[in-house]
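A.B. asks: Structure incoming, see below.
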Amino acid sequence: MKNKIGFNFLFALISFPIGLALLREFDFETFTFKKTALGILYLITFVVTIYLTFKKKTKSPEQ
């Protein structure tokens, strides 16, 4: 049985507005965050939700 990469729709829905907030917080002229702590929090949360969205499904024991 092959290991398939899963797609969790709930985490995809969560990561979309967090990604948009991250883009709004980032200043592309100076390549910095407007509020550094909030930008780092958005970035960490966005990376975690993207990881959980595409996390591999675990193998179920064969019976």
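Note on naming: chains are A, B, ... as they come in the structure tokens, residues start from 1 per chain, ligands start from 1 in the order shown.
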Got a sec: who's within 10 Å of range 8-15 of chain A, counting only C-alpha atoms, leaving out chain neighbours fewer than 5 positions off, as a list in words?

C.D. replies: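 Everything that qualifies: Leu20, Ala21, Tyr42, Thr45, Phe46, Val47, Val48, Thr49, Ile50, Tyr51, Leu52, Thr53, Phe54, Lys55 and Lys57 of chain A.
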
A.B. asks: Please report, as a ChimeraX atom specification, each residue of chain A to which DSSP assigns alpha helix (DSSP H) when run on this structure's backbone.

C.D. replies: /A:9-25,36-53

A.B. asks: Identify, on the basis of only C-alpha atoms, every residue whose closest approach to Leu43 in chain A does not exceed 9 Å; exclude the query and any residue fewer than 5 positions from it along the same chain; express the result as a PDB file with N, CA, C and O atoms, in the first residue's frame.

C.D. replies:
```pdb
ATOM      1  N   ILE A  18      -4.667  33.470   7.119  1.00  0.00           N
ATOM      2  CA  ILE A  18      -3.400  33.751   7.801  1.00  0.00           C
ATOM      3  C   ILE A  18      -2.347  34.194   6.784  1.00  0.00           C
ATOM      4  O   ILE A  18      -1.556  35.098   7.037  1.00  0.00           O
ATOM      5  N   GLY A  19      -2.338  33.577   5.607  1.00  0.00           N
ATOM      6  CA  GLY A  19      -1.417  33.981   4.549  1.00  0.00           C
ATOM      7  C   GLY A  19      -1.704  35.392   4.055  1.00  0.00           C
ATOM      8  O   GLY A  19      -0.792  36.167   3.789  1.00  0.00           O
ATOM      9  N   LEU A  22      -0.448  37.736   6.620  1.00  0.00           N
ATOM     10  CA  LEU A  22       1.015  37.789   6.541  1.00  0.00           C
ATOM     11  C   LEU A  22       1.467  38.707   5.412  1.00  0.00           C
ATOM     12  O   LEU A  22       2.406  39.486   5.570  1.00  0.00           O
ATOM     13  N   LEU A  38       4.276  40.333  15.568  1.00  0.00           N
ATOM     14  CA  LEU A  38       3.064  39.850  14.922  1.00  0.00           C
ATOM     15  C   LEU A  38       3.384  39.165  13.604  1.00  0.00           C
ATOM     16  O   LEU A  38       2.808  38.129  13.268  1.00  0.00           O
ATOM     17  N   VAL A  48       3.041  26.178   9.969  1.00  0.00           N
ATOM     18  CA  VAL A  48       2.462  25.007  10.643  1.00  0.00           C
ATOM     19  C   VAL A  48       1.174  24.570   9.954  1.00  0.00           C
ATOM     20  O   VAL A  48       0.951  23.369   9.741  1.00  0.00           O
TER      21      VAL A  48
END
```

A.B. asks: Could you check how far CA of Ile5 in chain A sits from CA of Ile40 in chain A, in Å to one decimal?

C.D. replies: 27.4 Å

A.B. asks: Please return as a PyMOL selection string: the residues of chain A that backbone DSSP assigns to strand (DSSP E).

C.D. replies: chain A and resi 26-27+32-33

A.B. asks: Using the selection just defined, write its residues with all heavy atoms as a PDB file, in the first residue's frame.

C.D. replies:
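Heads up, here's the output in part_17.pdb:
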```pdb
ATOM      1  N   PHE A  26       3.686  42.326   5.816  1.00  0.00           N
ATOM      2  CA  PHE A  26       5.029  42.409   5.246  1.00  0.00           C
ATOM      3  C   PHE A  26       5.161  43.650   4.374  1.00  0.00           C
ATOM      4  O   PHE A  26       4.312  43.931   3.535  1.00  0.00           O
ATOM      5  CB  PHE A  26       5.329  41.152   4.425  1.00  0.00           C
ATOM      6  CG  PHE A  26       6.757  41.014   4.031  1.00  0.00           C
ATOM      7  CD1 PHE A  26       7.721  40.701   4.957  1.00  0.00           C
ATOM      8  CD2 PHE A  26       7.148  41.208   2.717  1.00  0.00           C
ATOM      9  CE1 PHE A  26       9.053  40.567   4.598  1.00  0.00           C
ATOM     10  CE2 PHE A  26       8.464  41.080   2.335  1.00  0.00           C
ATOM     11  CZ  PHE A  26       9.419  40.762   3.282  1.00  0.00           C
ATOM     12  N   ASP A  27       6.241  44.398   4.567  1.00  0.00           N
ATOM     13  CA  ASP A  27       6.522  45.587   3.765  1.00  0.00           C
ATOM     14  C   ASP A  27       7.534  45.203   2.690  1.00  0.00           C
ATOM     15  O   ASP A  27       8.687  44.894   2.988  1.00  0.00           O
ATOM     16  CB  ASP A  27       7.084  46.695   4.660  1.00  0.00           C
ATOM     17  CG  ASP A  27       7.299  47.991   3.908  1.00  0.00           C
ATOM     18  OD1 ASP A  27       6.773  48.130   2.782  1.00  0.00           O
ATOM     19  OD2 ASP A  27       8.002  48.869   4.449  1.00  0.00           O
ATOM     20  N   THR A  32      10.753  44.001   5.472  1.00  0.00           N
ATOM     21  CA  THR A  32      10.612  43.791   6.909  1.00  0.00           C
ATOM     22  C   THR A  32       9.127  43.707   7.240  1.00  0.00           C
ATOM     23  O   THR A  32       8.270  44.022   6.423  1.00  0.00           O
ATOM     24  CB  THR A  32      11.231  44.947   7.716  1.00  0.00           C
ATOM     25  OG1 THR A  32      10.592  46.165   7.325  1.00  0.00           O
ATOM     26  CG2 THR A  32      12.726  45.052   7.497  1.00  0.00           C
ATOM     27  N   PHE A  33       8.845  43.275   8.463  1.00  0.00           N
ATOM     28  CA  PHE A  33       7.471  43.273   8.942  1.00  0.00           C
ATOM     29  C   PHE A  33       7.166  44.617   9.575  1.00  0.00           C
ATOM     30  O   PHE A  33       8.036  45.243  10.191  1.00  0.00           O
ATOM     31  CB  PHE A  33       7.262  42.166   9.981  1.00  0.00           C
ATOM     32  CG  PHE A  33       7.315  40.776   9.398  1.00  0.00           C
ATOM     33  CD1 PHE A  33       8.322  39.907   9.756  1.00  0.00           C
ATOM     34  CD2 PHE A  33       6.351  40.343   8.512  1.00  0.00           C
ATOM     35  CE1 PHE A  33       8.376  38.635   9.232  1.00  0.00           C
ATOM     36  CE2 PHE A  33       6.394  39.076   7.980  1.00  0.00           C
ATOM     37  CZ  PHE A  33       7.407  38.211   8.343  1.00  0.00           C
TER      38      PHE A  33
END
```

A.B. asks: Distance CA of Lys56 in chain A-CA of Gly6 in chain A, one decimal place?

C.D. replies: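 So the answer is 5.2 Å.
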